[in-house]
>>> print(open('structure-v9.txt').read())   # compact mmCIF, C-alpha atoms
# COMPACT_ATOMS: atom_id res chain seq x y z
CA MET A 1 42.81 -26.42 16.65
CA ALA A 2 40.01 -24.11 15.52
CA ALA A 3 37.66 -25.40 12.86
CA PRO A 4 38.34 -23.92 9.42
CA GLU A 5 36.02 -21.18 8.21
CA PRO A 6 33.39 -22.42 5.72
CA PRO A 7 34.04 -21.29 2.14
CA ALA A 8 32.54 -17.88 1.43
CA LEU A 9 30.45 -16.87 -1.55
CA ARG A 10 31.72 -14.19 -3.92
CA ARG A 11 30.35 -10.63 -3.56
CA THR A 12 29.32 -9.63 -7.07
CA LEU A 13 25.87 -8.03 -6.74
CA GLY A 14 25.22 -4.28 -6.67
CA THR A 15 22.05 -2.36 -5.81
CA ALA A 16 20.53 -2.73 -9.28
CA ASP A 17 21.17 -6.49 -9.23
CA ALA A 18 19.61 -6.89 -5.78
CA VAL A 19 16.56 -4.77 -6.67
CA THR A 20 16.08 -6.74 -9.88
CA ILE A 21 16.18 -10.08 -8.06
CA GLY A 22 13.55 -8.78 -5.61
CA LEU A 23 11.37 -7.53 -8.46
CA GLY A 24 11.72 -10.84 -10.27
CA SER A 25 10.42 -12.66 -7.20
CA MET A 26 7.51 -10.35 -6.39
CA LEU A 27 6.18 -9.54 -9.84
CA GLY A 28 5.97 -13.14 -11.00
CA ALA A 29 4.04 -14.32 -7.97
CA GLY A 30 1.76 -11.38 -7.26
CA VAL A 31 0.41 -10.12 -10.54
CA PHE A 32 -0.34 -13.42 -12.24
CA VAL A 33 -1.13 -15.70 -9.30
CA ALA A 34 -2.08 -14.14 -5.95
CA LEU A 35 -4.57 -11.46 -6.95
CA ALA A 36 -7.31 -13.87 -8.07
CA PRO A 37 -7.59 -15.85 -4.80
CA ALA A 38 -7.23 -12.56 -2.90
CA ALA A 39 -10.23 -11.21 -4.85
CA ALA A 40 -12.16 -14.37 -3.95
CA ALA A 41 -11.52 -13.62 -0.28
CA ALA A 42 -12.03 -9.84 -0.19
CA GLY A 43 -14.32 -9.13 -3.14
CA SER A 44 -14.41 -5.42 -3.90
CA ALA A 45 -12.15 -4.75 -0.90
CA LEU A 46 -9.19 -6.31 -2.71
CA LEU A 47 -7.32 -3.01 -2.78
CA ILE A 48 -7.69 -2.65 0.99
CA GLY A 49 -6.25 -6.12 1.45
CA LEU A 50 -3.39 -5.16 -0.85
CA ALA A 51 -2.74 -2.03 1.22
CA VAL A 52 -2.73 -4.01 4.49
CA ALA A 53 -0.26 -6.50 2.99
CA ALA A 54 1.94 -3.60 1.88
CA VAL A 55 2.00 -2.10 5.39
CA VAL A 56 3.00 -5.43 6.94
CA ALA A 57 5.56 -5.95 4.20
CA TYR A 58 7.03 -2.50 4.85
CA CYS A 59 7.44 -3.30 8.55
CA ASN A 60 9.06 -6.60 7.65
CA ALA A 61 11.31 -4.94 5.09
CA THR A 62 12.47 -2.35 7.62
CA SER A 63 13.19 -4.98 10.27
CA SER A 64 14.94 -7.21 7.73
CA ALA A 65 17.07 -4.33 6.46
CA ARG A 66 18.28 -3.42 9.96
CA LEU A 67 19.15 -7.03 10.68
CA ALA A 68 20.80 -7.65 7.33
CA VAL A 69 23.21 -4.78 7.94
CA LEU A 70 24.35 -6.42 11.19
CA TYR A 71 24.45 -9.94 9.75
CA PRO A 72 25.38 -9.79 6.05
CA GLN A 73 25.39 -13.56 5.58
CA SER A 74 23.38 -16.01 3.52
CA GLY A 75 20.36 -17.28 5.44
CA GLY A 76 18.27 -14.18 6.21
CA THR A 77 16.01 -14.60 9.24
CA TYR A 78 17.52 -18.00 9.96
CA VAL A 79 20.68 -16.11 10.91
CA TYR A 80 18.87 -13.20 12.59
CA GLY A 81 16.71 -15.44 14.78
CA ARG A 82 19.69 -17.58 15.75
CA GLU A 83 21.80 -14.57 16.75
CA ARG A 84 19.11 -12.46 18.45
CA LEU A 85 16.65 -14.99 19.91
CA GLY A 86 18.50 -18.30 20.13
CA PRO A 87 19.19 -21.39 18.04
CA PHE A 88 15.65 -22.79 18.09
CA TRP A 89 14.03 -19.62 16.75
CA GLY A 90 16.63 -19.31 14.04
CA TYR A 91 16.03 -22.92 13.10
CA LEU A 92 12.24 -22.44 13.07
CA ALA A 93 12.63 -19.41 10.80
CA GLY A 94 14.86 -21.35 8.44
CA TRP A 95 12.52 -24.33 8.46
CA SER A 96 9.52 -22.09 7.73
CA PHE A 97 11.34 -20.39 4.90
CA VAL A 98 12.61 -23.55 3.26
CA VAL A 99 9.31 -25.45 3.34
CA GLY A 100 7.17 -22.42 2.55
CA LYS A 101 9.28 -21.22 -0.33
CA THR A 102 9.74 -24.72 -1.69
CA ALA A 103 5.94 -24.77 -2.02
CA SER A 104 6.16 -21.36 -3.70
CA CYS A 105 8.71 -22.71 -6.15
CA ALA A 106 6.39 -25.55 -7.05
CA ALA A 107 3.50 -23.12 -7.50
CA MET A 108 5.55 -20.90 -9.79
CA ALA A 109 6.77 -23.88 -11.82
CA LEU A 110 3.19 -25.04 -12.26
CA THR A 111 2.19 -21.51 -13.27
CA VAL A 112 4.78 -21.67 -16.03
CA GLY A 113 3.24 -24.89 -17.27
CA VAL A 114 -0.37 -23.69 -17.06
CA TYR A 115 0.34 -20.54 -19.05
CA ALA A 116 2.89 -21.92 -21.51
CA TRP A 117 1.33 -25.28 -22.42
CA PRO A 118 -1.79 -26.12 -20.38
CA ALA A 119 -2.14 -29.62 -21.82
CA HIS A 120 1.31 -30.58 -20.52
CA ALA A 121 1.58 -28.27 -17.53
CA HIS A 122 3.41 -30.68 -15.24
CA THR A 123 5.99 -31.65 -17.87
CA VAL A 124 6.72 -28.01 -18.62
CA ALA A 125 6.93 -27.24 -14.88
CA VAL A 126 9.57 -29.91 -14.30
CA ALA A 127 11.55 -28.77 -17.36
CA ALA A 128 11.50 -25.18 -16.07
CA VAL A 129 12.84 -26.26 -12.68
CA VAL A 130 15.65 -28.26 -14.27
CA PHE A 131 16.65 -25.39 -16.56
CA LEU A 132 16.66 -22.69 -13.87
CA THR A 133 18.45 -24.89 -11.35
CA ALA A 134 21.21 -25.33 -13.93
CA ILE A 135 21.37 -21.55 -14.40
CA ASN A 136 21.73 -20.98 -10.64
CA THR A 137 24.47 -23.56 -10.18
CA VAL A 138 26.82 -21.80 -12.62
CA GLY A 139 26.73 -18.45 -10.87
CA VAL A 140 24.46 -15.90 -9.22
CA GLN A 141 25.69 -13.12 -11.52
CA LYS A 142 24.31 -15.01 -14.52
CA SER A 143 21.04 -15.37 -12.61
CA ALA A 144 20.92 -11.62 -11.97
CA TRP A 145 21.42 -10.78 -15.64
CA LEU A 146 18.68 -13.20 -16.72
CA THR A 147 16.35 -11.74 -14.10
CA LYS A 148 16.96 -8.21 -15.46
CA ILE A 149 15.75 -9.33 -18.88
CA ILE A 150 12.72 -11.07 -17.40
CA VAL A 151 11.71 -8.05 -15.28
CA ALA A 152 11.97 -5.70 -18.26
CA VAL A 153 9.70 -7.91 -20.38
CA VAL A 154 7.15 -8.37 -17.60
CA LEU A 155 6.94 -4.65 -16.84
CA ALA A 156 6.35 -3.93 -20.53
CA VAL A 157 3.52 -6.50 -20.66
CA LEU A 158 1.91 -5.15 -17.48
CA ALA A 159 2.09 -1.60 -18.80
CA ALA A 160 0.36 -2.76 -21.99
CA VAL A 161 -2.44 -4.36 -19.93
CA VAL A 162 -3.07 -1.18 -17.93
CA VAL A 163 -3.06 1.01 -21.04
CA ALA A 164 -5.36 -1.36 -22.93
CA ILE A 165 -7.92 -1.38 -20.12
CA ALA A 166 -7.65 2.35 -19.44
CA THR A 167 -8.24 3.27 -23.08
CA SER A 168 -11.00 0.76 -23.80
CA GLY A 169 -13.80 2.80 -22.31
CA GLY A 170 -15.37 -0.33 -20.87
CA ALA A 171 -13.86 -0.28 -17.38
CA ASP A 172 -16.38 0.46 -14.64
CA VAL A 173 -14.94 2.33 -11.66
CA SER A 174 -18.02 1.40 -9.63
CA HIS A 175 -16.43 -2.06 -9.31
CA LEU A 176 -13.89 -0.42 -7.02
CA ALA A 177 -16.59 0.68 -4.57
CA LEU A 178 -16.93 -1.36 -1.37
CA HIS A 179 -20.10 -3.43 -1.48
CA ASP A 180 -19.19 -6.95 -0.35
CA ALA A 181 -16.33 -6.39 2.11
CA SER A 182 -15.73 -8.08 5.47
CA VAL A 183 -12.91 -7.76 7.96
CA LEU A 184 -12.05 -11.45 7.73
CA GLY A 185 -12.11 -11.30 3.93
CA VAL A 186 -9.78 -8.30 3.89
CA LEU A 187 -7.35 -10.02 6.27
CA GLN A 188 -7.40 -13.24 4.22
CA ALA A 189 -6.76 -11.25 1.07
CA ALA A 190 -3.89 -9.43 2.77
CA GLY A 191 -2.36 -12.74 3.80
CA LEU A 192 -2.63 -14.08 0.24
CA CYS A 193 -1.28 -10.84 -1.25
CA PHE A 194 1.62 -11.05 1.19
CA PHE A 195 2.72 -14.11 -0.74
CA ALA A 196 3.39 -11.69 -3.59
CA PHE A 197 5.31 -9.12 -1.54
CA ALA A 198 7.61 -11.64 0.11
CA GLY A 199 10.13 -11.52 -2.74
CA TYR A 200 12.28 -8.92 -1.02
CA ALA A 201 13.47 -11.76 1.22
CA ARG A 202 15.63 -12.88 -1.69
CA ILE A 203 17.67 -9.71 -1.21
CA ALA A 204 18.37 -10.44 2.46
CA THR A 205 19.24 -14.08 1.81
CA LEU A 206 21.82 -12.95 -0.76
CA ALA A 207 23.60 -10.74 1.76
CA GLU A 208 26.82 -12.74 1.50
CA GLU A 209 26.94 -12.09 -2.26
CA VAL A 210 26.12 -8.35 -2.22
CA ARG A 211 28.78 -5.67 -2.45
CA ASP A 212 28.72 -3.17 0.46
CA PRO A 213 25.75 -4.84 2.21
CA THR A 214 25.52 -2.12 4.87
CA THR A 215 24.06 0.34 2.38
CA THR A 216 23.03 -1.88 -0.52
CA ILE A 217 20.60 -4.19 1.29
CA PRO A 218 18.35 -1.57 2.99
CA ARG A 219 18.24 0.54 -0.16
CA ALA A 220 17.45 -2.40 -2.44
CA ILE A 221 14.68 -3.75 -0.19
CA ARG A 222 12.84 -0.43 0.02
CA ILE A 223 13.21 0.40 -3.67
CA ALA A 224 11.95 -3.01 -4.77
CA LEU A 225 9.00 -2.94 -2.37
CA ALA A 226 7.93 0.58 -3.43
CA LEU A 227 8.13 -0.24 -7.13
CA VAL A 228 6.13 -3.42 -6.76
CA LEU A 229 3.42 -1.72 -4.70
CA VAL A 230 2.89 0.84 -7.47
CA VAL A 231 2.68 -1.92 -10.10
CA TYR A 232 0.29 -4.04 -8.01
CA ALA A 233 -2.04 -1.13 -7.28
CA ALA A 234 -2.22 -0.18 -10.96
CA ILE A 235 -2.83 -3.74 -12.16
CA ALA A 236 -5.33 -4.65 -9.42
CA SER A 237 -7.32 -1.45 -10.00
CA ALA A 238 -7.42 -1.91 -13.77
CA VAL A 239 -8.42 -5.59 -13.72
CA LEU A 240 -10.96 -5.09 -10.92
CA ALA A 241 -12.56 -2.19 -12.80
CA GLU A 242 -12.76 -4.23 -16.01
CA LEU A 243 -13.96 -7.58 -14.64
CA GLY A 244 -15.49 -6.90 -11.26
CA SER A 245 -14.56 -8.86 -8.15
CA ALA A 246 -16.64 -11.99 -8.91
CA ALA A 247 -15.24 -12.55 -12.40
CA MET A 248 -11.73 -11.74 -11.21
CA ALA A 249 -12.00 -14.24 -8.36
CA SER A 250 -13.10 -17.10 -10.61
CA ALA A 251 -10.61 -16.42 -13.41
CA THR A 252 -7.63 -18.71 -13.88
CA ALA A 253 -5.88 -16.00 -15.93
CA PRO A 254 -7.47 -12.70 -14.81
CA LEU A 255 -5.15 -10.40 -16.76
CA ALA A 256 -5.75 -12.28 -20.00
CA ASP A 257 -9.49 -12.23 -19.36
CA ALA A 258 -9.36 -8.50 -18.63
CA VAL A 259 -7.67 -7.53 -21.90
CA THR A 260 -10.10 -9.75 -23.82
CA ALA A 261 -13.06 -8.09 -22.08
CA ALA A 262 -11.53 -4.70 -22.85
CA GLY A 263 -11.73 -5.48 -26.57
CA HIS A 264 -8.08 -6.38 -27.14
CA PRO A 265 -8.04 -10.17 -27.68
CA GLY A 266 -4.83 -9.82 -29.67
CA LEU A 267 -3.08 -8.98 -26.42
CA THR A 268 -4.11 -12.27 -24.79
CA PRO A 269 -1.17 -14.31 -26.19
CA VAL A 270 1.17 -11.49 -25.17
CA VAL A 271 -0.18 -11.61 -21.62
CA ARG A 272 0.23 -15.39 -21.51
CA VAL A 273 3.83 -15.10 -22.66
CA GLY A 274 4.39 -12.36 -20.09
CA ALA A 275 2.90 -14.54 -17.36
CA THR A 276 5.16 -17.42 -18.35
CA ILE A 277 8.22 -15.18 -18.28
CA ALA A 278 7.15 -13.63 -14.96
CA ALA A 279 6.71 -17.03 -13.35
CA LEU A 280 10.12 -18.10 -14.66
CA GLY A 281 11.69 -15.00 -13.12
CA SER A 282 9.98 -15.65 -9.80
CA LEU A 283 11.01 -19.31 -9.86
CA LEU A 284 14.61 -18.36 -10.64
CA ALA A 285 14.87 -16.03 -7.66
CA LEU A 286 12.95 -18.36 -5.33
CA ILE A 287 15.27 -21.30 -5.98
CA LEU A 288 18.17 -18.92 -5.41
CA GLY A 289 16.84 -17.83 -2.01
CA VAL A 290 15.83 -21.27 -0.75
CA SER A 291 19.21 -22.76 -1.64
CA ARG A 292 21.04 -19.98 0.27
CA THR A 293 18.97 -20.59 3.40
CA ALA A 294 19.60 -24.33 3.03
CA LEU A 295 23.32 -23.51 2.76
CA ALA A 296 23.25 -21.57 6.03
CA MET A 297 21.31 -24.31 7.83
CA ALA A 298 23.67 -26.96 6.50
CA ARG A 299 26.66 -24.99 7.80
CA ASP A 300 25.07 -25.25 11.26
CA ARG A 301 24.22 -28.93 10.70
CA HIS A 302 20.45 -28.40 10.91
CA LEU A 303 20.42 -29.84 7.39
CA PRO A 304 22.90 -32.42 6.02
CA PRO A 305 26.41 -30.84 6.06
CA ALA A 306 27.01 -32.01 2.48
CA LEU A 307 24.65 -29.22 1.34
CA ALA A 308 27.14 -26.61 2.57
CA VAL A 309 29.69 -27.43 -0.14
CA VAL A 310 30.50 -24.49 -2.45
CA HIS A 311 31.53 -25.23 -6.05
CA PRO A 312 35.29 -24.55 -6.48
CA ARG A 313 34.84 -22.94 -9.89
CA PHE A 314 31.43 -21.24 -9.87
CA GLU A 315 31.51 -20.43 -6.12
CA THR A 316 27.85 -21.39 -5.67
CA PRO A 317 26.16 -23.78 -3.17
CA TYR A 318 25.52 -26.19 -6.00
CA ARG A 319 24.56 -29.21 -3.90
CA ALA A 320 21.90 -27.23 -2.04
CA GLU A 321 20.62 -25.90 -5.35
CA LEU A 322 20.45 -29.36 -6.92
CA VAL A 323 18.58 -30.83 -3.94
CA VAL A 324 16.13 -27.91 -3.81
CA GLY A 325 15.56 -28.23 -7.55
CA ALA A 326 14.87 -31.96 -7.27
CA VAL A 327 12.34 -31.50 -4.45
CA VAL A 328 10.57 -28.68 -6.28
CA ALA A 329 10.35 -30.75 -9.46
CA VAL A 330 8.59 -33.53 -7.54
CA LEU A 331 6.18 -31.17 -5.75
CA ALA A 332 5.24 -29.38 -8.97
CA GLY A 333 3.55 -32.56 -10.13
CA VAL A 334 1.25 -32.97 -7.13
CA LEU A 335 0.42 -29.62 -5.49
CA ASP A 336 -2.71 -27.54 -6.05
CA LEU A 337 -1.77 -23.98 -7.07
CA ARG A 338 -4.06 -22.01 -4.74
CA GLY A 339 -3.44 -24.39 -1.85
CA ALA A 340 0.30 -23.93 -2.31
CA ILE A 341 -0.12 -20.16 -2.14
CA GLY A 342 -2.03 -20.35 1.15
CA PHE A 343 0.46 -22.75 2.74
CA SER A 344 3.42 -20.71 1.57
CA SER A 345 1.86 -17.51 2.92
CA PHE A 346 1.41 -19.06 6.35
CA ALA A 347 4.99 -20.33 6.52
CA VAL A 348 6.50 -17.07 5.29
CA LEU A 349 4.42 -14.99 7.71
CA VAL A 350 5.84 -17.10 10.55
CA TYR A 351 9.31 -16.49 9.12
CA TYR A 352 8.78 -12.72 9.19
CA ALA A 353 7.19 -12.81 12.63
CA ILE A 354 10.53 -14.18 13.85
CA ALA A 355 12.36 -11.47 11.88
CA ASN A 356 10.33 -8.76 13.62
CA ALA A 357 10.86 -10.38 17.02
CA SER A 358 14.60 -10.39 16.27
CA ALA A 359 14.53 -6.72 15.27
CA PHE A 360 12.67 -5.90 18.49
CA THR A 361 15.89 -6.69 20.38
CA LEU A 362 17.79 -3.93 18.50
CA GLY A 363 15.95 -0.91 19.93
CA ALA A 364 13.23 1.06 18.03
CA LYS A 365 10.15 -0.99 18.93
CA LEU A 366 7.19 0.39 16.96
CA ILE A 367 7.85 -1.10 13.53
CA PRO A 368 8.94 -4.54 14.82
CA VAL A 369 5.85 -4.75 17.05
CA ALA A 370 3.55 -3.69 14.20
CA GLY A 371 5.22 -6.19 11.89
CA LEU A 372 5.06 -9.02 14.44
CA VAL A 373 1.37 -8.47 15.24
CA GLY A 374 0.54 -8.02 11.55
CA CYS A 375 2.26 -11.27 10.57
CA LEU A 376 0.55 -13.30 13.28
CA VAL A 377 -2.91 -11.86 12.53
CA LEU A 378 -2.60 -12.46 8.79
CA ALA A 379 -1.27 -15.98 9.38
CA VAL A 380 -4.15 -17.15 11.58
CA THR A 381 -6.83 -15.58 9.37
CA LEU A 382 -5.75 -17.41 6.21
CA PRO A 383 -8.05 -20.20 4.92
CA VAL A 384 -8.42 -22.93 7.55
CA THR A 385 -6.71 -25.61 5.44
CA SER A 386 -3.64 -23.41 5.00
CA VAL A 387 -3.46 -22.67 8.73
CA LEU A 388 -3.83 -26.30 9.80
CA THR A 389 -1.32 -27.57 7.23
CA GLY A 390 1.13 -24.83 8.17
CA MET A 391 0.87 -25.56 11.89
CA ALA A 392 1.35 -29.28 11.27
CA VAL A 393 4.52 -28.62 9.26
CA LEU A 394 5.86 -26.30 11.97
CA LEU A 395 5.28 -29.03 14.56
CA VAL A 396 7.17 -31.50 12.39
CA GLY A 397 10.06 -29.04 12.17
CA ALA A 398 10.06 -28.51 15.94
CA ALA A 399 10.08 -32.29 16.50
CA LEU A 400 13.06 -32.68 14.18
CA TYR A 401 14.90 -29.96 16.07
CA ALA A 402 14.17 -31.71 19.36
CA ALA A 403 15.46 -34.98 17.95
CA VAL A 404 18.50 -33.72 16.07
CA GLY A 405 19.17 -30.06 16.78
CA ARG A 406 20.19 -30.50 20.40
CA ARG A 407 23.03 -32.81 19.32
CA VAL A 408 24.65 -30.11 17.16
>>> encode(input="structure-v9.txt", output="structure tokens")
Amino acid sequence: MAAPEPPALRRTLGTADAVTIGLGSMLGAGVFVALAPAAAAAGSALLIGLAVAAVVAYCNATSSARLAVLYPQSGGTYVYGRERLGPFWGYLAGWSFVVGKTASCAAMALTVGVYAWPAHAHTVAVAAVVFLTAINTVGVQKSAWLTKIIVAVVLAVLAAVVVAIATSGGADVSHLALHDASVLGVLQAAGLCFFAFAGYARIATLAEEVRDPTTTIPRAIRIALALVLVVYAAIASAVLAELGSAAMASATAPLADAVTAAGHPGLTPVVRVGATIAALGSLLALILGVSRTALAMARDRHLPPALAVVHPRFETPYRAELVVGAVVAVLAGVLDLRGAIGFSSFAVLVYYAIANASAFTLGAKLIPVAGLVGCLVLAVTLPVTSVLTGMAVLLVGAALYAAVGRRV
């Protein structure tokens, strides 16, 4: 007798929902977290690093969109690698995604705490994880609506920052001139900025919950990526012109510092609230994506099969979401924010390298090759600690596959 089909998730998301979830992921991470360490790496060449990250992200988005049309299931590159390259590569992609994005979740939770209540950052971070995990377990449609509200607020705050700096008269465009750039610094900055662009992966991992995935997924990925690139370029240019690369690199809250330097200290609390909301939106979408990849891996018994259970009423992978939430809550209390960004970038670049290798098997070679080479170069040029930690975690994952995966 054939094994019964695993319970399917309900298709409720349209293009606007999918784009919004992608925006919620990317805006929260990139604008308020990744630009400062990227400026520390690239100096005045920050915008070049941002452009390099955007090119690699575009290649990855194109490869992911082609694959998502063929395999509209939860799991993203875990599914693509498994189907196009073999079980091990799919597993390695899933492992990279789960561990890398779990670190991202912890970083975003800690960002919420740092901006909302610095004296009790860890307590606030854990509370945020608990609250958003509860939101996710009662339905992805509710998550999408909450993300729409978050994205609207964040975009309004970011627009206010750009206008305040542009009209202050104190911004110095000479800060945008290249005077302390290096190739390695630009590549490190691109790798760190890639952490911010990686949010479009949430769209692919939600493929099983998207209506008409053949057209919705490619459209949503490209729209979200284009919108975020415009926002990032505007914000990075404004803050860099106001603060200069050195002050931007050392700032814990560069956007708040920029509006204060521009003569608008009254905007600082608004920016902090916006940062908190942005980080919440990013955390919401990240937990959503990680739990869906965990669901797919559990269905294939690369993670405990109990995580594949779908709630009979809410039709969500609630066990996977609860476990992911618990792990993130623990990590939020111990991880360093910038270290988590570097580690997450390494793991996610490996994930997309496998996506591009998978897309290479479909035909049209140029974009997958460019994306594959770009991912590998950015991964190995990240800070040494991030590279070594990432490689160690990949080896652990490979060892677990060797011990357990072959029995499946």
>>> residues_around(input="structure-v9.txt", residues="A:Lys148", least_positions_apart="2", cutoff="8 Å", atoms="only C-alpha atoms", output="PyMOL selection string")
chain A and resi 17+20-21+24+144-146+150-152
>>> atom_distance(input="structure-v9.txt", atom1="atom CA of A:Leu50", atom2="atom CA of A:Pro383")
16.8 Å
>>> atom_distance(input="structure-v9.txt", atom1="atom CA of A:Val328", atom2="atom CA of A:Val33")
17.7 Å
>>> closest_residue(input="structure-v9.txt", among="A:Gly191, A:Thr137, A:Ala234, A:Thr215", to="A:Val309", atoms="all atoms listed in the file")
A:Thr137
>>> atom_distance(input="structure-v9.txt", atom1="atom CA of A:Glu242", atom2="atom CA of A:Val153")
23.2 Å
>>> residues_around(input="structure-v9.txt", residues="stretch 265-267 of chain A", least_positions_apart="2", cutoff="12 Å", atoms="all atoms listed in the file", output="JSON, numbers by chain")
{"A": [157, 158, 159, 160, 161, 162, 163, 164, 165, 168, 255, 256, 257, 258, 259, 260, 261, 262, 263, 269, 270, 271, 272, 273, 274]}
>>> closest_residue(input="structure-v9.txt", among="A:Val373, A:Ala40, A:Leu280, A:Leu288", to="A:Ala107", atoms="only C-alpha atoms")
A:Leu280
>>> closest_residue(input="structure-v9.txt", among="A:Ala326, A:Ala233, A:Ala347, A:Val396", to="A:Leu382", atoms="all atoms listed in the file")
A:Ala347
>>> residues_around(input="structure-v9.txt", residues="stretch 89-94 of chain A", least_positions_apart="6", cutoff="12 Å", atoms="only C-alpha atoms", output="ChimeraX atom specification")
/A:74-83,100-102,205,289-298,300-303,347-358,391,393-402,404-406,408
>>> residues_near_point(input="structure-v9.txt", point="(16.7, -6.9, 8.9)", cutoff="10 Å", atoms="all atoms listed in the file", output="VMD selection string")
chain A and resid 59 to 72 76 to 77 80 201 204 217 to 218 221 352 355 to 356 358 to 359
>>> decode(input="structure-v9.txt", residues="stretch 359-370 of chain A", atoms="N, CA, C and O atoms", output="PDB file, in the first residue's frame")
ATOM      1  N   ALA A 359      19.746  25.456 -10.584  1.00  0.00           N
ATOM      2  CA  ALA A 359      19.204  26.127 -11.763  1.00  0.00           C
ATOM      3  C   ALA A 359      20.064  25.886 -12.996  1.00  0.00           C
ATOM      4  O   ALA A 359      19.557  25.899 -14.127  1.00  0.00           O
ATOM      5  N   PHE A 360      21.351  25.658 -12.790  1.00  0.00           N
ATOM      6  CA  PHE A 360      22.261  25.378 -13.910  1.00  0.00           C
ATOM      7  C   PHE A 360      21.794  24.164 -14.704  1.00  0.00           C
ATOM      8  O   PHE A 360      22.011  24.076 -15.911  1.00  0.00           O
ATOM      9  N   THR A 361      21.132  23.217 -14.038  1.00  0.00           N
ATOM     10  CA  THR A 361      20.685  21.988 -14.713  1.00  0.00           C
ATOM     11  C   THR A 361      19.447  22.212 -15.582  1.00  0.00           C
ATOM     12  O   THR A 361      19.037  21.304 -16.299  1.00  0.00           O
ATOM     13  N   LEU A 362      18.857  23.418 -15.524  1.00  0.00           N
ATOM     14  CA  LEU A 362      17.613  23.678 -16.265  1.00  0.00           C
ATOM     15  C   LEU A 362      17.851  24.214 -17.666  1.00  0.00           C
ATOM     16  O   LEU A 362      16.917  24.317 -18.449  1.00  0.00           O
ATOM     17  N   GLY A 363      19.061  24.610 -18.009  1.00  0.00           N
ATOM     18  CA  GLY A 363      19.308  25.262 -19.293  1.00  0.00           C
ATOM     19  C   GLY A 363      20.063  26.551 -19.062  1.00  0.00           C
ATOM     20  O   GLY A 363      21.007  26.591 -18.311  1.00  0.00           O
ATOM     21  N   ALA A 364      19.675  27.643 -19.695  1.00  0.00           N
ATOM     22  CA  ALA A 364      20.232  29.002 -19.541  1.00  0.00           C
ATOM     23  C   ALA A 364      21.279  29.090 -18.446  1.00  0.00           C
ATOM     24  O   ALA A 364      20.981  29.122 -17.268  1.00  0.00           O
ATOM     25  N   LYS A 365      22.558  29.147 -18.835  1.00  0.00           N
ATOM     26  CA  LYS A 365      23.665  28.960 -17.887  1.00  0.00           C
ATOM     27  C   LYS A 365      24.217  30.247 -17.293  1.00  0.00           C
ATOM     28  O   LYS A 365      24.773  30.225 -16.187  1.00  0.00           O
ATOM     29  N   LEU A 366      24.130  31.374 -17.980  1.00  0.00           N
ATOM     30  CA  LEU A 366      24.865  32.566 -17.579  1.00  0.00           C
ATOM     31  C   LEU A 366      24.517  33.036 -16.173  1.00  0.00           C
ATOM     32  O   LEU A 366      25.396  33.220 -15.324  1.00  0.00           O
ATOM     33  N   ILE A 367      23.240  33.231 -15.901  1.00  0.00           N
ATOM     34  CA  ILE A 367      22.836  33.744 -14.586  1.00  0.00           C
ATOM     35  C   ILE A 367      23.152  32.753 -13.475  1.00  0.00           C
ATOM     36  O   ILE A 367      23.690  33.148 -12.433  1.00  0.00           O
ATOM     37  N   PRO A 368      22.858  31.455 -13.632  1.00  0.00           N
ATOM     38  CA  PRO A 368      23.238  30.519 -12.566  1.00  0.00           C
ATOM     39  C   PRO A 368      24.740  30.479 -12.292  1.00  0.00           C
ATOM     40  O   PRO A 368      25.157  30.404 -11.126  1.00  0.00           O
ATOM     41  N   VAL A 369      25.558  30.567 -13.351  1.00  0.00           N
ATOM     42  CA  VAL A 369      27.012  30.555 -13.151  1.00  0.00           C
ATOM     43  C   VAL A 369      27.454  31.818 -12.417  1.00  0.00           C
ATOM     44  O   VAL A 369      28.249  31.770 -11.474  1.00  0.00           O
ATOM     45  N   ALA A 370      26.930  32.971 -12.867  1.00  0.00           N
ATOM     46  CA  ALA A 370      27.275  34.229 -12.194  1.00  0.00           C
ATOM     47  C   ALA A 370      26.845  34.196 -10.731  1.00  0.00           C
ATOM     48  O   ALA A 370      27.582  34.641  -9.841  1.00  0.00           O
TER      49      ALA A 370
END
